[in-house]
Number of protein chains: 2
Amino acid sequence: MAASEFDRATEVEAIGDGRFTGAVHDGWHIGGNANGGYLLAIAARAMAAHAERPHPISLTAHYLTPAPAGPADLTAEVVKSGRRFATVAGSLQQGGTERIRVLGTFGDLSAPPAAPQLIRAVPPELPSYEDCIGRPPANGPVEVAINARLDVRLHPDDAGFHEGRRSGIPRQRGWFAFADGRPIDPLALLLACDAFPPTVFHLDLPAGWVPTIELTVHVRGIPAPGPIRCVFETRFLADGFFEEDGEMWDSAGRLVAQSRQLALAPRDSVSAG
Amino acid sequence: MAASEFDRATEVEAIGDGRFTGAVHDGWHIGGNANGGYLLAIAARAMAAHAERPHPISLTAHYLTPAPAGPADLTAEVVKSGRRFATVAGSLQQGGTERIRVLGTFGDLSAPPAAPQLIRAVPPELPSYEDCIGRPPANGPVEVAINARLDVRLHPDDAGFHEGRRSGIPRQRGWFAFADGRPIDPLALLLACDAFPPTVFHLDLPAGWVPTIELTVHVRGIPAPGPIRCVFETRFLADGFFEEDGEMWDSAGRLVAQSRQLALAPRDSVSAG
């Protein structure tokens, strides 16, 4: 059975002592730099393997330097191994330069304990997957190669920002799926939480890169089959920072992940801030 | 000028190579275990000192083992030192046992760049500080010693949970201040984000400890003088986990910090989950 693109592109090989080799594959980048959720998924595979736990539960990534395609070295350190959870620190480097540093909790989400439930929110309202708008692998002059790996579809009201039709609301809503139909598991949710255009592209701001300082994702469950309903929203753009809060819901109407990232607001059209 | 209780209780001494000594002081605990925000503040002081940056901007703590009062050893590693920010990994141990592992970004919040602003939320509505309800240093059989260090005051509608008057809404609203009047700076916001009773105490659940897996706080600005207006809320209690989202607003009506933690739901009255 052929592995999916995502599985091949996040493969890591243990070489002992918590060290792994892998690669940042071409085709998962935006303008030549690998997508942050994709990098996190590579690191998470090494961390999960080293801790011998199947699922990421809470992961925090700090983004240090942009990652071009090429070989990668990974490290994983089990900080604590408990009965239900393992805490793991991880890192992805290329040629001795660290790209991301990660801290996370891993465990097994396949048999949740009997526990009280209270859900005070509903999934975002979206037109059907078929009625939402696919993402081109280019965005003006910038190649968004990762869009060819995915089948992200935006809410029609949120899809016109790159043609100047900005909604004025820093929000992105849409569906997440893989182009090759790979099922969406907890690992894939690490990609989903960073696979949409920045919320602030809907505002009348200078165009430009919005570097992520920190991304935390909580995987709250194993998704039911089908595309994932996503919403990303910013409430506070101030003093050069903005947060982006994400929710990912499965086809059964269940929240399967929450994310938050802190990013730098665009300040001008060329500087990386 | 006498240092405040909080400054004395978070003091660390550099002993070289990113190593520090400090102590978990008595009087900052709940039932004998130091408060998580307090532990984070100790670690943050070592990390900020080592990175030579004044303010925490984004900090993530993973809680490993409970910390009783006593000496502590700290480590800080500068992962990356950039122009505006430094990324730092940190750890607090006692007697060779690690209590918390931290990953964070530090910088200087005192001169925010000119940047676009968009605020899509308002501070929580609260009765005046004087009309809110102070917190006793005991909660039934559990000593909440930290309450004597602080002057946290709860919204009257959120203050009756320990007398059986649960609101049914997993939310805590109130004011945060120090008992000795220490001004609230970015370091103190690390304490504020974990200084309120758990939101789920308002639900009809088994009483018990709700261990934090992960806490992330984003410090968004330096507070204006005066107590901090806080709200903590849970939207998803499911499958044994719940998140607690916090907002901290200063006296000028400005958001100064956001927090999110992932915690384990209470399952029975004795187990730690």
# chains A, B, ... in the order shown; residues from 1 in each chain; ligands from 1

$ interface_residues --of "chain B" --to "chain A" --cutoff "7 Å" --atoms "only C-alpha atoms" --output "VMD selection string"
chain B and resid 64 80 112 to 121 235 to 240 267

$ write_last_selection --atoms "N, CA, C and O atoms" --output "compact mmCIF listing (two decimals), in the first residue's frame"
# COMPACT_ATOMS: atom_id res chain seq x y z
N LEU B 64 5.28 18.85 35.57
CA LEU B 64 5.75 17.46 35.62
C LEU B 64 5.46 16.81 36.96
O LEU B 64 4.88 15.73 37.01
N LYS B 80 17.81 30.79 20.74
CA LYS B 80 18.12 31.74 19.67
C LYS B 80 18.06 33.15 20.23
O LYS B 80 17.12 33.48 20.97
N PRO B 112 6.58 49.55 22.14
CA PRO B 112 5.95 48.82 21.04
C PRO B 112 6.10 49.57 19.72
O PRO B 112 6.07 50.80 19.71
N PRO B 113 6.27 48.83 18.61
CA PRO B 113 6.40 49.49 17.32
C PRO B 113 5.09 50.15 16.90
O PRO B 113 4.01 49.73 17.33
N ALA B 114 5.19 51.17 16.11
CA ALA B 114 3.98 51.72 15.48
C ALA B 114 3.42 50.63 14.59
O ALA B 114 4.12 50.08 13.75
N ALA B 115 2.17 50.28 14.80
CA ALA B 115 1.60 49.14 14.07
C ALA B 115 0.09 49.27 14.08
O ALA B 115 -0.48 49.93 14.96
N PRO B 116 -0.57 48.67 13.10
CA PRO B 116 -2.03 48.75 13.06
C PRO B 116 -2.66 48.10 14.29
O PRO B 116 -2.09 47.17 14.86
N GLN B 117 -3.79 48.62 14.70
CA GLN B 117 -4.50 48.12 15.88
C GLN B 117 -5.91 47.72 15.48
O GLN B 117 -6.59 48.46 14.77
N LEU B 118 -6.36 46.57 15.97
CA LEU B 118 -7.76 46.18 15.80
C LEU B 118 -8.12 45.32 17.01
O LEU B 118 -7.55 44.24 17.20
N ILE B 119 -9.03 45.84 17.82
CA ILE B 119 -9.43 45.12 19.03
C ILE B 119 -10.90 44.77 18.88
O ILE B 119 -11.74 45.65 18.74
N ARG B 120 -11.19 43.48 18.88
CA ARG B 120 -12.55 43.00 18.62
C ARG B 120 -13.21 42.43 19.87
O ARG B 120 -14.04 41.53 19.79
N ALA B 121 -12.83 42.92 21.03
CA ALA B 121 -13.38 42.40 22.28
C ALA B 121 -13.36 43.52 23.31
O ALA B 121 -12.68 44.53 23.12
N ARG B 235 -14.77 26.34 27.29
CA ARG B 235 -15.83 26.06 26.32
C ARG B 235 -15.95 24.58 26.00
O ARG B 235 -17.01 24.12 25.59
N PHE B 236 -14.86 23.84 26.23
CA PHE B 236 -14.88 22.44 25.83
C PHE B 236 -14.38 21.56 26.98
O PHE B 236 -13.18 21.48 27.23
N LEU B 237 -15.30 20.94 27.66
CA LEU B 237 -14.97 19.91 28.65
C LEU B 237 -15.39 18.59 28.02
O LEU B 237 -16.59 18.35 27.83
N ALA B 238 -14.41 17.77 27.64
CA ALA B 238 -14.74 16.56 26.89
C ALA B 238 -13.60 15.56 26.98
O ALA B 238 -12.42 15.95 26.99
N ASP B 239 -13.97 14.29 27.07
CA ASP B 239 -13.00 13.21 26.98
C ASP B 239 -11.88 13.34 28.02
O ASP B 239 -10.74 12.92 27.78
N GLY B 240 -12.23 13.92 29.16
CA GLY B 240 -11.26 13.99 30.25
C GLY B 240 -10.36 15.21 30.24
O GLY B 240 -9.53 15.37 31.14
N ARG B 267 -12.15 13.35 37.83
CA ARG B 267 -12.83 12.08 37.56
C ARG B 267 -13.41 11.46 38.83
O ARG B 267 -14.43 10.84 38.82

$ residues_around --residues "Asp131 (chain B)" --least-positions-apart "5" --cutoff "12 Å" --atoms "only C-alpha atoms" --output "ChimeraX atom specification"
/B:126,153-157,159,174-175

$ select_by_dssp --residues "region 4-99 of chain B" --states "helix (DSSP H, G or I)" --output "NGL selection string"
:B and (5-9 or 36-51)

$ select_by_dssp --residues "region 88-261 of chain B" --states "strand (DSSP E or B)" --output "ChimeraX atom specification"
/B:88-94,97-107,118-119,133-134,138-139,142-143,150,153-154,171-176,178,212-219,228-233,236-238,241-249,255-261

$ residues_around --residues "Arg19 (chain B)" --least-positions-apart "6" --cutoff "8 Å" --atoms "only C-alpha atoms" --output "ChimeraX atom specification"
/B:73-76

$ atom_distance --atom1 "CA of Gly22 (chain B)" --atom2 "CA of Val256 (chain B)"
27.5 Å

$ closest_residue --among "A:Ala138, A:Ala41, A:Ala51, A:Ile146" --to "Val217 (chain A)" --atoms "only C-alpha atoms"
A:Ala41

$ residues_around --residues "Phe176 (chain A)" --least-positions-apart "3" --cutoff "10 Å" --atoms "only C-alpha atoms" --output "tab-separated table (two decimals) with N, CA, C and O atoms, in the first residue's frame"
chain	number	residue	atom	x	y	z
A	129	TYR	N	-18.44	21.34	1.43
A	129	TYR	CA	-17.08	21.22	0.90
A	129	TYR	C	-17.07	21.55	-0.59
A	129	TYR	O	-16.21	22.31	-1.06
A	150	LEU	N	-2.61	19.84	-0.48
A	150	LEU	CA	-3.82	19.89	0.34
A	150	LEU	C	-5.03	20.13	-0.53
A	150	LEU	O	-4.91	20.46	-1.71
A	151	ASP	N	-6.19	19.92	0.04
A	151	ASP	CA	-7.40	20.41	-0.61
A	151	ASP	C	-8.16	21.28	0.39
A	151	ASP	O	-9.25	20.94	0.84
A	152	VAL	N	-7.51	22.39	0.74
A	152	VAL	CA	-8.15	23.38	1.62
A	152	VAL	C	-9.16	24.15	0.78
A	152	VAL	O	-8.86	24.58	-0.34
A	153	ARG	N	-10.35	24.30	1.31
A	153	ARG	CA	-11.39	25.07	0.60
A	153	ARG	C	-11.94	26.14	1.53
A	153	ARG	O	-12.39	25.84	2.64
A	154	LEU	N	-11.90	27.37	1.05
A	154	LEU	CA	-12.30	28.50	1.88
A	154	LEU	C	-13.79	28.82	1.73
A	154	LEU	O	-14.37	28.67	0.64
A	173	ARG	N	-12.36	30.82	7.38
A	173	ARG	CA	-13.19	29.64	7.61
A	173	ARG	C	-13.09	28.73	6.40
A	173	ARG	O	-13.07	29.22	5.27
A	179	ALA	N	-4.97	16.50	-0.60
A	179	ALA	CA	-5.26	16.31	-2.02
A	179	ALA	C	-5.33	14.83	-2.38
A	179	ALA	O	-6.12	14.43	-3.24
A	184	ILE	N	-7.50	12.00	8.03
A	184	ILE	CA	-6.98	13.03	8.94
A	184	ILE	C	-6.93	12.46	10.35
A	184	ILE	O	-7.96	12.13	10.94
A	188	ALA	N	-2.10	14.84	11.42
A	188	ALA	CA	-2.52	15.75	10.35
A	188	ALA	C	-3.14	17.03	10.91
A	188	ALA	O	-3.11	18.07	10.25
A	189	LEU	N	-3.70	16.96	12.11
A	189	LEU	CA	-4.28	18.17	12.71
A	189	LEU	C	-3.19	19.21	13.02
A	189	LEU	O	-3.47	20.41	13.06
A	191	LEU	N	-0.89	19.89	11.02
A	191	LEU	CA	-0.77	20.61	9.75
A	191	LEU	C	-1.99	21.49	9.52
A	191	LEU	O	-1.87	22.66	9.11
A	192	ALA	N	-3.17	20.94	9.83
A	192	ALA	CA	-4.41	21.69	9.59
A	192	ALA	C	-4.39	23.04	10.30
A	192	ALA	O	-4.86	24.04	9.77
A	193	CYS	N	-3.81	23.06	11.51
A	193	CYS	CA	-3.89	24.29	12.31
A	193	CYS	C	-3.02	25.40	11.75
A	193	CYS	O	-3.10	26.53	12.23
A	195	ALA	N	-2.57	25.62	8.10
A	195	ALA	CA	-2.68	25.44	6.65
A	195	ALA	C	-3.53	26.50	5.96
A	195	ALA	O	-3.69	26.46	4.75
A	196	PHE	N	-4.07	27.43	6.73
A	196	PHE	CA	-4.93	28.46	6.14
A	196	PHE	C	-4.16	29.77	6.01
A	196	PHE	O	-3.20	30.00	6.72
A	226	GLY	N	-13.46	12.14	6.95
A	226	GLY	CA	-13.99	13.28	6.20
A	226	GLY	C	-13.19	14.53	6.44
A	226	GLY	O	-12.34	14.58	7.34
A	227	PRO	N	-13.45	15.56	5.62
A	227	PRO	CA	-12.71	16.81	5.79
A	227	PRO	C	-13.02	17.49	7.13
A	227	PRO	O	-14.04	17.21	7.75
A	228	ILE	N	-12.11	18.35	7.55
A	228	ILE	CA	-12.20	19.01	8.85
A	228	ILE	C	-12.69	20.45	8.64
A	228	ILE	O	-12.18	21.17	7.78
A	229	ARG	N	-13.66	20.80	9.43
A	229	ARG	CA	-14.25	22.14	9.41
A	229	ARG	C	-13.39	23.04	10.30
A	229	ARG	O	-13.21	22.73	11.48
A	230	CYS	N	-12.88	24.12	9.74
A	230	CYS	CA	-11.91	24.95	10.49
A	230	CYS	C	-12.35	26.40	10.54
A	230	CYS	O	-12.95	26.92	9.60
A	248	MET	N	-10.80	23.21	15.08
A	248	MET	CA	-10.96	22.20	14.05
A	248	MET	C	-12.03	21.21	14.51
A	248	MET	O	-11.92	20.66	15.62
A	249	TRP	N	-13.02	21.00	13.69
A	249	TRP	CA	-14.17	20.15	14.02
A	249	TRP	C	-14.27	19.03	12.98
A	249	TRP	O	-14.09	19.28	11.79
A	250	ASP	N	-14.61	17.83	13.44
A	250	ASP	CA	-14.71	16.72	12.48
A	250	ASP	C	-16.12	16.60	11.90
A	250	ASP	O	-17.02	17.37	12.24

$ residues_around --residues "Ala49 (chain A)" --least-positions-apart "2" --cutoff "12 Å" --atoms "only C-alpha atoms" --output "PyMOL selection string"
chain A and resi 11-20+42-47+51-56+74-78+86+88+90+106-107

$ write_last_selection --atoms "C-alpha atoms" --output "CSV table (one decimal), in the first residue's frame"
chain,number,residue,atom,x,y,z
A,11,GLU,CA,9.1,10.2,7.7
A,12,VAL,CA,11.9,10.1,10.3
A,13,GLU,CA,14.5,7.4,11.0
A,14,ALA,CA,15.8,6.7,14.5
A,15,ILE,CA,19.6,6.6,14.7
A,16,GLY,CA,19.8,6.2,18.5
A,17,ASP,CA,19.9,8.3,21.6
A,18,GLY,CA,16.8,10.3,20.7
A,19,ARG,CA,18.4,11.3,17.4
A,20,PHE,CA,16.6,11.0,14.1
A,42,ILE,CA,8.0,16.1,11.3
A,43,ALA,CA,9.2,16.9,14.8
A,44,ALA,CA,6.2,15.4,16.3
A,45,ARG,CA,6.8,12.1,14.6
A,46,ALA,CA,10.3,11.9,16.0
A,47,MET,CA,9.0,12.9,19.5
A,51,ALA,CA,8.3,8.4,23.7
A,52,GLU,CA,6.5,5.4,22.2
A,53,ARG,CA,3.2,7.2,22.4
A,54,PRO,CA,0.8,7.3,19.5
A,55,HIS,CA,-0.7,10.8,19.6
A,56,PRO,CA,0.3,14.4,20.1
A,74,LEU,CA,15.9,15.8,14.7
A,75,THR,CA,16.3,15.3,18.4
A,76,ALA,CA,13.8,14.1,21.0
A,77,GLU,CA,14.2,14.0,24.8
A,78,VAL,CA,11.6,12.3,27.1
A,86,ALA,CA,4.8,11.6,28.2
A,88,VAL,CA,8.8,15.4,25.3
A,90,GLY,CA,12.1,18.2,20.4
A,106,PHE,CA,2.0,12.7,24.0
A,107,GLY,CA,-0.4,10.0,24.9
